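Data file: target14.txt. Format and content: compact mmCIF, C-alpha atoms and all ligand atoms.
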```txt
# COMPACT_ATOMS: atom_id res chain seq x y z
CA MET L 5 -13.17 -26.18 27.67
CA LYS L 6 -11.50 -23.75 30.04
CA LYS L 7 -14.76 -22.24 31.27
CA LYS L 8 -16.20 -25.72 31.80
CA LEU L 9 -13.15 -26.86 33.75
CA LEU L 10 -13.22 -23.64 35.74
CA ALA L 11 -16.95 -24.04 36.52
CA LEU L 12 -16.45 -27.67 37.52
CA SER L 13 -13.52 -26.86 39.85
CA LEU L 14 -15.50 -24.01 41.46
CA SER L 15 -18.46 -26.36 41.98
CA LEU L 16 -16.23 -28.98 43.55
CA ALA L 17 -14.64 -26.34 45.77
CA MET L 18 -18.11 -25.16 46.84
CA ALA L 19 -19.21 -28.75 47.53
CA PHE L 20 -16.14 -29.41 49.69
CA SER L 21 -16.51 -26.09 51.49
CA LEU L 22 -20.17 -26.84 52.19
CA ALA L 23 -19.21 -30.32 53.43
CA ALA L 24 -16.50 -28.78 55.64
CA CYS L 25 -19.14 -26.53 57.20
CA GLY L 26 -21.11 -29.65 58.30
CA GLY L 27 -24.34 -30.19 56.43
CA ASN L 28 -25.60 -27.55 54.02
CA GLY L 29 -23.41 -24.79 55.53
CA GLY L 30 -23.45 -21.27 54.10
CA THR L 31 -26.47 -19.92 52.31
CA ALA L 32 -26.64 -22.74 49.80
CA ASN L 33 -29.28 -25.34 50.53
CA SER L 34 -29.47 -29.04 49.67
CA ASN L 35 -31.36 -28.12 46.52
CA THR L 36 -28.44 -26.13 45.15
CA PRO L 37 -27.65 -27.94 41.87
CA ALA L 38 -24.14 -29.37 41.84
CA GLY L 39 -22.06 -27.56 39.18
CA ASP L 40 -22.38 -29.67 36.06
CA GLY L 41 -19.57 -27.76 34.43
CA SER L 42 -21.96 -26.74 31.69
CA ASP L 43 -21.60 -23.23 30.37
CA ASP L 44 -23.87 -22.23 27.51
CA GLY L 45 -22.17 -18.90 26.95
CA PRO L 46 -20.20 -18.20 23.75
CA ILE L 47 -16.71 -19.65 23.35
CA GLN L 48 -14.31 -16.79 24.05
CA VAL L 49 -11.56 -16.60 21.41
CA GLY L 50 -8.70 -14.11 21.45
CA PHE L 51 -6.99 -13.55 18.07
CA ALA L 52 -3.65 -11.67 17.88
CA GLN L 53 -3.35 -10.87 14.14
CA VAL L 54 -0.10 -9.75 12.43
CA GLY L 55 -1.52 -6.46 11.23
CA HIS L 56 -3.20 -4.99 8.15
CA GLU L 57 -0.22 -4.78 5.78
CA SER L 58 -1.62 -6.61 2.76
CA ASP L 59 -4.65 -7.83 0.82
CA TRP L 60 -3.78 -11.30 2.08
CA ARG L 61 -4.00 -10.10 5.66
CA THR L 62 -7.37 -8.50 5.02
CA ALA L 63 -8.68 -11.83 3.68
CA SER L 64 -7.21 -13.67 6.68
CA THR L 65 -8.88 -11.29 9.15
CA LYS L 66 -12.24 -11.45 7.33
CA SER L 67 -12.11 -15.26 7.41
CA ALA L 68 -11.66 -15.20 11.19
CA GLN L 69 -14.39 -12.63 11.75
CA ASP L 70 -16.80 -14.64 9.56
CA VAL L 71 -16.10 -17.93 11.36
CA PHE L 72 -15.75 -16.81 14.99
CA SER L 73 -19.06 -14.99 14.99
CA GLU L 74 -21.84 -14.76 17.56
CA GLU L 75 -24.17 -16.85 15.44
CA ASN L 76 -21.50 -19.56 15.33
CA GLY L 77 -21.33 -19.58 19.14
CA TYR L 78 -18.20 -17.48 19.52
CA GLU L 79 -17.19 -14.17 21.04
CA LEU L 80 -14.08 -12.93 19.20
CA SER L 81 -11.60 -10.54 20.80
CA PHE L 82 -9.51 -9.32 17.85
CA VAL L 83 -6.24 -7.39 18.12
CA ASP L 84 -4.52 -5.95 15.02
CA CYS L 85 -0.89 -5.95 16.21
CA ASP L 86 0.24 -3.61 13.39
CA ASN L 87 3.38 -5.67 12.63
CA ASP L 88 4.73 -4.92 16.15
CA SER L 89 5.93 -8.01 18.04
CA ALA L 90 5.83 -6.27 21.45
CA VAL L 91 2.18 -5.36 20.86
CA GLN L 92 1.45 -8.95 19.87
CA LEU L 93 3.01 -10.41 23.05
CA ASP L 94 1.03 -7.89 25.15
CA ALA L 95 -2.17 -8.86 23.33
CA VAL L 96 -1.64 -12.54 24.18
CA ARG L 97 -0.93 -11.72 27.84
CA ASN L 98 -4.09 -9.63 27.97
CA PHE L 99 -6.04 -12.57 26.53
CA ILE L 100 -4.71 -14.68 29.44
CA GLN L 101 -5.85 -12.05 31.94
CA GLN L 102 -9.25 -11.90 30.29
CA GLY L 103 -9.61 -15.68 30.69
CA MET L 104 -10.06 -16.57 27.04
CA ASP L 105 -11.13 -20.13 26.26
CA TYR L 106 -8.80 -20.26 23.25
CA ILE L 107 -6.04 -18.02 21.89
CA ILE L 108 -5.21 -17.79 18.17
CA ILE L 109 -1.90 -16.26 17.09
CA ASP L 110 -0.53 -15.43 13.63
CA PRO L 111 3.07 -14.76 14.77
CA ILE L 112 4.70 -11.69 13.23
CA VAL L 113 8.11 -13.31 13.69
CA ASP L 114 8.99 -16.94 14.41
CA THR L 115 11.02 -16.49 17.62
CA GLY L 116 10.54 -15.03 21.13
CA TRP L 117 7.44 -17.09 21.93
CA ASP L 118 8.34 -19.70 24.57
CA ALA L 119 7.78 -17.50 27.66
CA VAL L 120 4.30 -16.30 26.71
CA LEU L 121 3.25 -19.74 25.43
CA THR L 122 4.35 -21.15 28.81
CA GLU L 123 2.09 -18.58 30.48
CA CYS L 124 -0.82 -19.70 28.27
CA GLU L 125 -0.07 -23.34 29.16
CA ASP L 126 0.05 -22.50 32.90
CA ALA L 127 -3.31 -20.73 32.54
CA GLY L 128 -4.77 -23.80 30.83
CA ILE L 129 -5.62 -21.90 27.65
CA PRO L 130 -5.08 -23.84 24.40
CA VAL L 131 -3.19 -21.85 21.74
CA ILE L 132 -3.69 -22.37 18.01
CA ILE L 133 -1.12 -20.89 15.64
CA ILE L 134 -2.19 -19.94 12.11
CA ASP L 135 -0.31 -19.03 8.96
CA ARG L 136 3.22 -18.18 10.03
CA THR L 137 5.18 -20.55 12.26
CA ILE L 138 6.95 -20.42 15.62
CA THR L 139 10.40 -22.04 15.77
CA ASP L 140 11.46 -21.56 19.41
CA SER L 141 8.55 -23.30 21.16
CA ASP L 142 6.06 -26.11 20.58
CA LYS L 143 3.81 -25.16 23.49
CA TYR L 144 0.76 -24.81 21.32
CA THR L 145 -2.04 -27.21 20.50
CA ALA L 146 -2.05 -26.95 16.70
CA TRP L 147 -0.83 -24.96 13.69
CA VAL L 148 -2.80 -24.33 10.48
CA GLY L 149 -1.06 -22.87 7.43
CA SER L 150 1.10 -23.23 4.35
CA ASP L 151 4.51 -24.72 3.62
CA PHE L 152 6.33 -21.56 2.67
CA LYS L 153 9.47 -23.35 1.51
CA VAL L 154 7.37 -25.42 -0.90
CA GLU L 155 5.96 -22.16 -2.25
CA GLY L 156 9.51 -20.94 -2.89
CA LEU L 157 10.56 -24.25 -4.42
CA ALA L 158 7.50 -24.25 -6.69
CA CYS L 159 8.40 -20.74 -7.88
CA GLY L 160 11.93 -21.90 -8.71
CA GLU L 161 10.82 -25.09 -10.46
CA TRP L 162 8.29 -23.17 -12.56
CA LEU L 163 10.92 -20.58 -13.52
CA LYS L 164 13.32 -23.35 -14.55
CA ALA L 165 10.69 -24.96 -16.80
CA PHE L 166 9.50 -21.59 -18.14
CA ALA L 167 13.03 -20.44 -19.00
CA ALA L 168 13.78 -23.73 -20.76
CA ASP L 169 10.57 -23.48 -22.79
CA LYS L 170 11.36 -19.87 -23.78
CA GLY L 171 15.03 -20.55 -24.51
CA ILE L 172 16.18 -18.21 -21.73
CA GLU L 173 19.67 -19.40 -20.83
CA GLU L 174 20.61 -16.91 -18.13
CA ILE L 175 18.57 -15.90 -15.08
CA ASN L 176 19.55 -12.71 -13.28
CA ALA L 177 16.94 -12.28 -10.55
CA LEU L 178 16.00 -9.57 -8.11
CA VAL L 179 14.04 -10.61 -5.01
CA ILE L 180 11.75 -8.35 -2.96
CA GLU L 181 11.47 -10.24 0.32
CA GLY L 182 8.60 -10.07 2.81
CA SER L 183 8.88 -8.88 6.41
CA THR L 184 12.23 -9.72 8.00
CA GLY L 185 11.97 -12.64 10.43
CA ALA L 186 8.58 -13.80 9.17
CA SER L 187 8.51 -17.53 8.43
CA ALA L 188 6.77 -16.76 5.12
CA THR L 189 9.78 -14.70 4.09
CA ILE L 190 12.28 -17.27 5.32
CA GLY L 191 10.56 -20.18 3.57
CA ARG L 192 10.01 -18.46 0.23
CA THR L 193 13.55 -17.07 0.21
CA ASP L 194 15.14 -20.43 1.10
CA GLY L 195 13.02 -22.36 -1.40
CA PHE L 196 13.75 -20.09 -4.36
CA LYS L 197 17.46 -19.84 -3.45
CA GLU L 198 17.75 -23.64 -3.32
CA ILE L 199 16.64 -23.87 -6.96
CA ALA L 200 18.70 -20.83 -7.98
CA ASP L 201 21.84 -22.38 -6.48
CA ARG L 202 21.07 -25.74 -8.12
CA GLU L 203 20.52 -24.12 -11.55
CA GLY L 204 23.43 -21.67 -11.31
CA TRP L 205 21.20 -18.59 -11.50
CA THR L 206 22.34 -15.19 -10.24
CA ILE L 207 20.37 -13.41 -7.50
CA LEU L 208 21.58 -9.84 -7.99
CA ASP L 209 19.92 -8.57 -4.79
CA SER L 210 17.37 -9.55 -2.14
CA GLN L 211 15.88 -6.85 0.09
CA SER L 212 12.74 -6.63 2.27
CA GLY L 213 9.68 -4.77 1.03
CA ASP L 214 7.91 -5.69 4.31
CA PHE L 215 4.98 -7.26 2.42
CA THR L 216 3.63 -3.79 1.58
CA GLU L 217 2.99 -1.97 -1.72
CA ALA L 218 5.02 1.03 -0.59
CA GLY L 219 7.87 -1.25 0.42
CA GLY L 220 7.79 -3.08 -2.90
CA GLN L 221 7.82 0.19 -4.84
CA GLU L 222 10.69 1.63 -2.79
CA VAL L 223 12.88 -1.44 -3.22
CA MET L 224 12.08 -1.72 -6.95
CA GLU L 225 12.90 1.95 -7.51
CA SER L 226 16.28 1.31 -5.94
CA TYR L 227 16.76 -1.84 -8.02
CA CYS L 228 15.93 0.03 -11.25
CA GLN L 229 18.62 2.57 -10.44
CA SER L 230 21.23 -0.03 -9.50
CA TYR L 231 20.48 -2.90 -11.89
CA LYS L 232 18.55 -1.53 -14.89
CA GLY L 233 19.40 -3.61 -17.96
CA GLN L 234 21.00 -6.37 -15.82
CA PHE L 235 17.94 -8.25 -14.54
CA ASN L 236 15.36 -10.40 -16.33
CA VAL L 237 13.39 -11.77 -13.33
CA VAL L 238 11.71 -10.05 -10.35
CA ILE L 239 10.40 -12.24 -7.50
CA CYS L 240 7.97 -10.40 -5.20
CA GLN L 241 7.12 -12.35 -2.04
CA ASN L 242 3.55 -11.05 -1.98
CA ASP L 243 1.01 -9.36 -4.24
CA ASN L 244 1.21 -5.94 -2.63
CA GLU L 245 4.96 -5.81 -3.23
CA ALA L 246 4.29 -6.81 -6.84
CA ALA L 247 1.89 -3.88 -7.21
CA GLY L 248 4.58 -1.51 -5.93
CA ALA L 249 7.21 -3.09 -8.16
CA MET L 250 5.00 -2.63 -11.23
CA THR L 251 4.59 1.06 -10.41
CA ALA L 252 8.36 1.46 -10.10
CA MET L 253 9.13 -0.46 -13.30
CA ASP L 254 6.51 1.53 -15.22
CA ALA L 255 8.17 4.75 -14.05
CA ALA L 256 11.61 3.44 -15.01
CA GLY L 257 10.48 2.26 -18.42
CA VAL L 258 11.13 -1.42 -17.63
CA SER L 259 8.70 -3.80 -19.36
CA TYR L 260 7.51 -6.92 -17.56
CA GLY L 261 5.05 -9.78 -17.89
CA VAL L 262 4.15 -11.97 -20.86
CA ASP L 263 5.15 -9.35 -23.45
CA GLY L 264 7.88 -7.70 -21.38
CA ASP L 265 11.64 -7.99 -20.91
CA VAL L 266 11.31 -9.00 -17.23
CA ILE L 267 9.57 -12.10 -15.83
CA LEU L 268 7.45 -10.96 -12.87
CA VAL L 269 6.48 -13.46 -10.17
CA SER L 270 4.32 -12.96 -7.07
CA PHE L 271 2.99 -14.91 -4.08
CA ASP L 272 -0.42 -14.97 -2.34
CA ALA L 273 -2.66 -15.01 -5.46
CA ASN L 274 -5.33 -12.65 -4.16
CA LYS L 275 -8.06 -12.37 -6.81
CA PRO L 276 -7.08 -8.89 -8.16
CA TYR L 277 -3.58 -10.25 -8.76
CA VAL L 278 -4.80 -13.44 -10.38
CA GLN L 279 -6.57 -11.01 -12.71
CA LEU L 280 -3.17 -9.43 -13.42
CA VAL L 281 -1.85 -12.90 -14.23
CA MET L 282 -4.69 -13.39 -16.72
CA ASP L 283 -3.92 -9.93 -18.13
CA GLY L 284 -0.29 -11.02 -18.67
CA LYS L 285 1.17 -8.43 -16.27
CA ILE L 286 2.32 -11.07 -13.78
CA ASN L 287 3.81 -14.25 -15.29
CA ALA L 288 3.13 -16.54 -12.32
CA ASN L 289 1.55 -16.29 -8.86
CA PHE L 290 1.97 -18.85 -6.07
CA GLU L 291 -1.06 -18.97 -3.79
CA CYS L 292 -0.89 -18.73 -0.03
CA ASN L 293 -4.33 -19.61 1.26
CA PRO L 294 -5.50 -17.18 4.02
CA MET L 295 -8.60 -19.22 4.92
CA ALA L 296 -7.29 -20.95 8.06
CA ALA L 297 -10.25 -20.02 10.29
CA PRO L 298 -12.61 -22.83 9.20
CA MET L 299 -9.94 -25.38 10.11
CA VAL L 300 -9.35 -23.67 13.45
CA ASP L 301 -13.09 -23.90 14.08
CA GLU L 302 -12.86 -27.67 13.52
CA ILE L 303 -9.92 -27.90 15.92
CA ILE L 304 -11.82 -26.01 18.62
CA LYS L 305 -14.82 -28.33 18.16
CA GLN L 306 -12.48 -31.32 18.61
CA LEU L 307 -11.07 -29.82 21.81
CA GLU L 308 -14.55 -29.04 23.11
CA ASN L 309 -15.33 -32.73 22.60
CA ASN L 310 -12.13 -33.77 24.43
CA GLU L 311 -10.62 -35.01 21.16
CA THR L 312 -6.96 -34.48 20.19
CA PRO L 313 -6.46 -32.51 16.96
CA GLU L 314 -3.58 -32.96 14.53
CA LYS L 315 -0.60 -30.80 15.50
CA GLU L 316 -0.12 -29.55 11.91
CA VAL L 317 -2.86 -28.87 9.35
CA TYR L 318 -1.93 -27.63 5.86
CA VAL L 319 -4.25 -25.49 3.77
CA THR L 320 -4.65 -26.27 0.07
CA GLU L 321 -3.26 -23.88 -2.53
CA SER L 322 -2.59 -23.59 -6.27
CA TRP L 323 0.07 -22.22 -8.61
CA PHE L 324 -1.18 -19.84 -11.32
CA ALA L 325 0.43 -18.92 -14.67
CA ALA L 326 -0.40 -16.44 -17.42
CA GLU L 327 0.52 -18.90 -20.18
CA ASP L 328 -0.31 -22.59 -20.52
CA ASN L 329 3.12 -23.63 -21.74
CA ILE L 330 4.03 -25.30 -18.45
CA LYS L 331 1.36 -27.84 -17.42
CA THR L 332 3.07 -29.38 -14.38
CA ILE L 333 6.15 -28.93 -12.20
CA THR L 334 7.84 -31.34 -9.82
CA VAL L 335 8.34 -30.09 -6.26
CA ASN L 336 10.09 -32.32 -3.71
CA GLY L 337 9.49 -35.22 -6.09
CA GLU L 338 5.71 -34.53 -6.25
CA GLU L 339 4.08 -33.56 -9.55
CA GLN L 340 2.02 -30.40 -9.15
CA GLU L 341 -0.29 -28.63 -11.59
CA MET L 342 0.34 -25.15 -12.98
CA VAL L 343 -3.10 -23.57 -13.41
CA HIS L 344 -3.43 -21.49 -16.59
CA VAL L 345 -5.58 -18.51 -15.61
CA THR L 346 -8.74 -18.26 -17.71
CA GLN L 347 -11.85 -16.22 -16.95
CA GLU L 348 -13.40 -19.38 -15.47
CA VAL L 349 -10.42 -19.85 -13.13
CA LEU L 350 -10.54 -16.21 -12.11
CA ASP L 351 -14.28 -16.25 -11.46
CA ALA L 352 -13.83 -19.25 -9.17
CA ARG L 353 -11.33 -17.50 -6.90
CA PRO L 354 -12.79 -17.19 -3.38
CA TYR L 355 -10.76 -14.14 -2.26
C1 LIG Z 401 1.90 -15.67 4.46
C2 LIG Z 401 1.52 -14.41 5.15
C3 LIG Z 401 2.15 -13.27 4.45
C4 LIG Z 401 1.53 -13.04 3.08
C5 LIG Z 401 1.62 -11.57 3.00
O1 LIG Z 401 1.23 -16.73 4.98
O2 LIG Z 401 1.95 -14.43 6.49
O3 LIG Z 401 1.95 -12.09 5.22
O4 LIG Z 401 2.21 -13.70 2.06
C6 LIG Z 401 1.22 -11.17 4.41
O5 LIG Z 401 0.78 -10.98 2.06
O6 LIG Z 401 1.54 -9.86 4.67
```
As structure tokens, please, write out the structure in this file.
Amino acid sequence: MKKKLLALSLSLAMAFSLAACGGNGGTANSNTPAGDGSDDGPIQVGFAQVGHESDWRTASTKSAQDVFSEENGYELSFVDCDNDSAVQLDAVRNFIQQGMDYIIIDPIVDTGWDAVLTECEDAGIPVIIIDRTITDSDKYTAWVGSDFKVEGLACGEWLKAFAADKGIEEINALVIEGSTGASATIGRTDGFKEIADREGWTILDSQSGDFTEAGGQEVMESYCQSYKGQFNVVICQNDNEAAGAMTAMDAAGVSYGVDGDVILVSFDANKPYVQLVMDGKINANFECNPMAAPMVDEIIKQLENNETPEKEVYVTESWFAAEDNIKTITVNGEEQEMVHVTQEVLDARPY
């Protein structure tokens, strides 16, 4: 769209300048084709990605690289911002300088965006946000992602039903949060806490593991020292933190999972961790679908055809459990299925 508009405006400028010169003017002759605004080159897309901190992020990046490929008519400029917000803002400004047709951003944190989004708007470059959200500006064309608070609520509603079924009367939970300031962290934390407050559960502690395995292990090691024997639930806000937490609990002699003393919950549901649910190591895993790129491709096609896309597009996701004792949960008044992980379910996982 931007290149076409740019080509058209240049053509018009040339036409007027030629007219101003009286007649053909300049070197162009009357046969010079008027700019039709067509530009058969690839659509230039700049993608400022959070980083490479997790399996989820790897799947998200692969999805974008698969969709915004040369054979699909794109030229992708990809920047791994390594969880550094300053790097991410610079990447977006560089995309503006490079004259991208579209800019995609997965925002590391949800604030500090209005100035650079205004610059994109002034440059006439549509911005599409994926995955995490931006709360201090709406100067973007569309957002594609998950409802993180619903993920947190679903986790709490499942735990309530699971505890009731198992006759567990007291919940003393430890939470390993994701990256501070990330909307995924904020939503999952708020959602789970809403149910915990409603049910009178105790959240003994809630610290950030930064969505990494090392971070999850470090926080869990600290928790095992401070709270060993006091907790019966661990909520990890992504799979990599759950992997680190399992390492730490193994070392501390804390049992977890279907046959353990501690209920272990994760988010993301990457395939290797859905395997761990089937193996009974993780009791429940709440998917966060990283495959936003195909929907962004559809949005770009709409924009190329001068159509107006929806401002918000939600990806589909499922809730997985090791046991089939809880068939459904109710989240925000909506009945949702708990998927009991069988080999067939695992084999069908796309990432
Ligand atoms: C959530 C995404 C989070 C994942 C983590 O949509 O932003 O960031 O849950 C990832 O695995 O690091």
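Separating CA of Pro46 in chain L from CA of Phe72 in chain L is a distance of 9.9 Å.
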(Q) Show me the residues around (9.2, -23.4, -11.5) - criterion: an atom at most 12 Å away, all atoms listed in the file counted - as a PyMOL selection string. (A) chain L and resi 154-169+195-196+198-200+203+239+269+287-290+323-325+329-336+339-342
Using all atoms listed in the file, find each residue of chain L with at least one atom at most 6 Å away from an atom of ligand LIG 401 (chain Z); report its shortest atom-to-atom pair and that distance in Å (one decimal), sort the rows by chain and rising residue number, and return the result as a tab-separated table.
```
residue	atom	partner	partner_atom	distance
L:Glu57	CA	Z:LIG401	O6	5.5
L:Ser58	CA	Z:LIG401	O6	4.9
L:Trp60	CA	Z:LIG401	O5	4.6
L:Arg61	CA	Z:LIG401	C6	5.5
L:Asp135	CA	Z:LIG401	O1	4.8
L:Arg136	CA	Z:LIG401	O2	5.3
L:Ala188	CA	Z:LIG401	C1	5.0
L:Phe215	CA	Z:LIG401	O6	4.9
L:Asn242	CA	Z:LIG401	O5	4.9
L:Asp272	CA	Z:LIG401	O4	5.3
L:Cys292	CA	Z:LIG401	O1	5.8
```
(Q) To one decimal place in Å, what is the distance between CA of Lys197 in chain L and CA of Val179 in chain L? (A)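 Straight-line distance from CA of Lys197 in chain L to CA of Val179 in chain L works out to 10.0 Å.
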Q | Trp117 in chain L environment, 12 Å, all atoms listed in the file, sequence neighbours closer than 5 positions dropped, as a VMD selection string | A | chain L and resid 89 to 90 92 to 94 96 to 97 109 to 112 122 to 124 131 133 137 to 144
**Q.** Of the listed residues L:Val71, L:Ile190, L:Ile134, L:Val281, that which approaches Gln241 in chain L most closely, counting only C-alpha atoms
**A.** L:Ile190
Q) For Asp283 in chain L, which residue among L:Arg353, L:Lys153, L:His344, L:Arg202 is the nearest when counting all atoms listed in the file? A) L:His344
Q. What is the CA of Ser81 in chain L-CA of Asp151 in chain L distance in Å, reported with one decimal?
A. 27.5 Å
Q) Of the residues L:Asn236, L:Asn309, L:Gln229, L:Thr206, which is the one nearest to Ala256 in chain L, using only C-alpha atoms? A)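 Result for the nearest residue to Ala256 in chain L: L:Gln229.
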Q) Restricting the calculation to all atoms listed in the file, which member of L:Val319, L:Met295, L:Val343, L:Leu268 is positioned closest to Thr62 in chain L? A) L:Met295
(Q) Could you check the closest approach to Lys170 in chain L for each of L:Lys66, L:Gly213, L:Met224, L:Glu327 and tell me which residue wins, using all atoms listed in the file? (A) L:Glu327
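Between Gly261 in chain L and the candidates L:Ile132, L:Ala273, L:Cys240, L:Ile286, the tightest atom-to-atom separation, counting only C-alpha atoms, involves L:Ile286.
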Please reconstruct the missing atoms of range 140-148 of chain L (target: all heavy atoms) and return them as a PDB file, in the frame of the given file.
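selection.pdb was written with the following content:
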```pdb
ATOM      1  N   ASP L 140      10.731 -21.400  18.139  1.00  0.00           N
ATOM      2  CA  ASP L 140      11.460 -21.560  19.410  1.00  0.00           C
ATOM      3  C   ASP L 140      10.561 -22.101  20.525  1.00  0.00           C
ATOM      4  O   ASP L 140      10.896 -22.026  21.702  1.00  0.00           O
ATOM      5  CB  ASP L 140      12.074 -20.216  19.846  1.00  0.00           C
ATOM      6  CG  ASP L 140      11.013 -19.191  20.220  1.00  0.00           C
ATOM      7  OD1 ASP L 140       9.828 -19.419  19.904  1.00  0.00           O
ATOM      8  OD2 ASP L 140      11.374 -18.175  20.849  1.00  0.00           O
ATOM      9  N   SER L 141       9.408 -22.673  20.148  1.00  0.00           N
ATOM     10  CA  SER L 141       8.550 -23.300  21.160  1.00  0.00           C
ATOM     11  C   SER L 141       7.522 -24.188  20.461  1.00  0.00           C
ATOM     12  O   SER L 141       7.083 -23.879  19.356  1.00  0.00           O
ATOM     13  CB  SER L 141       7.828 -22.241  21.993  1.00  0.00           C
ATOM     14  OG  SER L 141       6.965 -22.868  22.927  1.00  0.00           O
ATOM     15  N   ASP L 142       7.159 -25.297  21.136  1.00  0.00           N
ATOM     16  CA  ASP L 142       6.060 -26.110  20.580  1.00  0.00           C
ATOM     17  C   ASP L 142       4.912 -26.190  21.583  1.00  0.00           C
ATOM     18  O   ASP L 142       4.085 -27.100  21.543  1.00  0.00           O
ATOM     19  CB  ASP L 142       6.552 -27.525  20.223  1.00  0.00           C
ATOM     20  CG  ASP L 142       6.974 -28.316  21.461  1.00  0.00           C
ATOM     21  OD1 ASP L 142       7.004 -27.734  22.572  1.00  0.00           O
ATOM     22  OD2 ASP L 142       7.253 -29.527  21.313  1.00  0.00           O
ATOM     23  N   LYS L 143       4.865 -25.171  22.475  1.00  0.00           N
ATOM     24  CA  LYS L 143       3.810 -25.160  23.490  1.00  0.00           C
ATOM     25  C   LYS L 143       2.529 -24.569  22.932  1.00  0.00           C
ATOM     26  O   LYS L 143       2.040 -23.537  23.405  1.00  0.00           O
ATOM     27  CB  LYS L 143       4.285 -24.387  24.739  1.00  0.00           C
ATOM     28  CG  LYS L 143       5.413 -25.105  25.471  1.00  0.00           C
ATOM     29  CD  LYS L 143       6.004 -24.264  26.579  1.00  0.00           C
ATOM     30  CE  LYS L 143       7.191 -24.999  27.216  1.00  0.00           C
ATOM     31  NZ  LYS L 143       8.138 -24.071  27.851  1.00  0.00           N
ATOM     32  N   TYR L 144       2.048 -25.185  21.873  1.00  0.00           N
ATOM     33  CA  TYR L 144       0.760 -24.810  21.320  1.00  0.00           C
ATOM     34  C   TYR L 144       0.059 -26.086  20.863  1.00  0.00           C
ATOM     35  O   TYR L 144       0.691 -27.109  20.642  1.00  0.00           O
ATOM     36  CB  TYR L 144       0.925 -23.816  20.150  1.00  0.00           C
ATOM     37  CG  TYR L 144       1.865 -24.265  19.055  1.00  0.00           C
ATOM     38  CD1 TYR L 144       1.425 -25.070  18.005  1.00  0.00           C
ATOM     39  CD2 TYR L 144       3.212 -23.882  19.074  1.00  0.00           C
ATOM     40  CE1 TYR L 144       2.281 -25.484  17.008  1.00  0.00           C
ATOM     41  CE2 TYR L 144       4.080 -24.298  18.082  1.00  0.00           C
ATOM     42  CZ  TYR L 144       3.613 -25.097  17.049  1.00  0.00           C
ATOM     43  OH  TYR L 144       4.487 -25.514  16.070  1.00  0.00           O
ATOM     44  N   THR L 145      -1.249 -26.017  20.765  1.00  0.00           N
ATOM     45  CA  THR L 145      -2.040 -27.210  20.500  1.00  0.00           C
ATOM     46  C   THR L 145      -1.992 -27.624  19.044  1.00  0.00           C
ATOM     47  O   THR L 145      -1.896 -28.815  18.714  1.00  0.00           O
ATOM     48  CB  THR L 145      -3.509 -26.938  20.916  1.00  0.00           C
ATOM     49  OG1 THR L 145      -3.524 -26.598  22.301  1.00  0.00           O
ATOM     50  CG2 THR L 145      -4.389 -28.156  20.663  1.00  0.00           C
ATOM     51  N   ALA L 146      -2.034 -26.625  18.144  1.00  0.00           N
ATOM     52  CA  ALA L 146      -2.050 -26.950  16.700  1.00  0.00           C
ATOM     53  C   ALA L 146      -1.610 -25.742  15.904  1.00  0.00           C
ATOM     54  O   ALA L 146      -1.603 -24.611  16.401  1.00  0.00           O
ATOM     55  CB  ALA L 146      -3.462 -27.372  16.279  1.00  0.00           C
ATOM     56  N   TRP L 147      -1.195 -26.004  14.646  1.00  0.00           N
ATOM     57  CA  TRP L 147      -0.830 -24.960  13.690  1.00  0.00           C
ATOM     58  C   TRP L 147      -1.539 -25.246  12.386  1.00  0.00           C
ATOM     59  O   TRP L 147      -1.612 -26.410  11.958  1.00  0.00           O
ATOM     60  CB  TRP L 147       0.686 -24.947  13.473  1.00  0.00           C
ATOM     61  CG  TRP L 147       1.109 -24.125  12.273  1.00  0.00           C
ATOM     62  CD1 TRP L 147       1.342 -22.778  12.233  1.00  0.00           C
ATOM     63  CD2 TRP L 147       1.318 -24.615  10.931  1.00  0.00           C
ATOM     64  NE1 TRP L 147       1.692 -22.390  10.957  1.00  0.00           N
ATOM     65  CE2 TRP L 147       1.674 -23.498  10.141  1.00  0.00           C
ATOM     66  CE3 TRP L 147       1.240 -25.876  10.348  1.00  0.00           C
ATOM     67  CZ2 TRP L 147       1.963 -23.608   8.785  1.00  0.00           C
ATOM     68  CZ3 TRP L 147       1.526 -26.002   8.994  1.00  0.00           C
ATOM     69  CH2 TRP L 147       1.878 -24.862   8.231  1.00  0.00           C
ATOM     70  N   VAL L 148      -2.106 -24.190  11.773  1.00  0.00           N
ATOM     71  CA  VAL L 148      -2.800 -24.330  10.480  1.00  0.00           C
ATOM     72  C   VAL L 148      -2.170 -23.342   9.507  1.00  0.00           C
ATOM     73  O   VAL L 148      -2.106 -22.140   9.799  1.00  0.00           O
ATOM     74  CB  VAL L 148      -4.301 -24.032  10.599  1.00  0.00           C
ATOM     75  CG1 VAL L 148      -4.974 -24.185   9.237  1.00  0.00           C
ATOM     76  CG2 VAL L 148      -4.967 -24.926  11.632  1.00  0.00           C
TER      77      VAL L 148
END
```
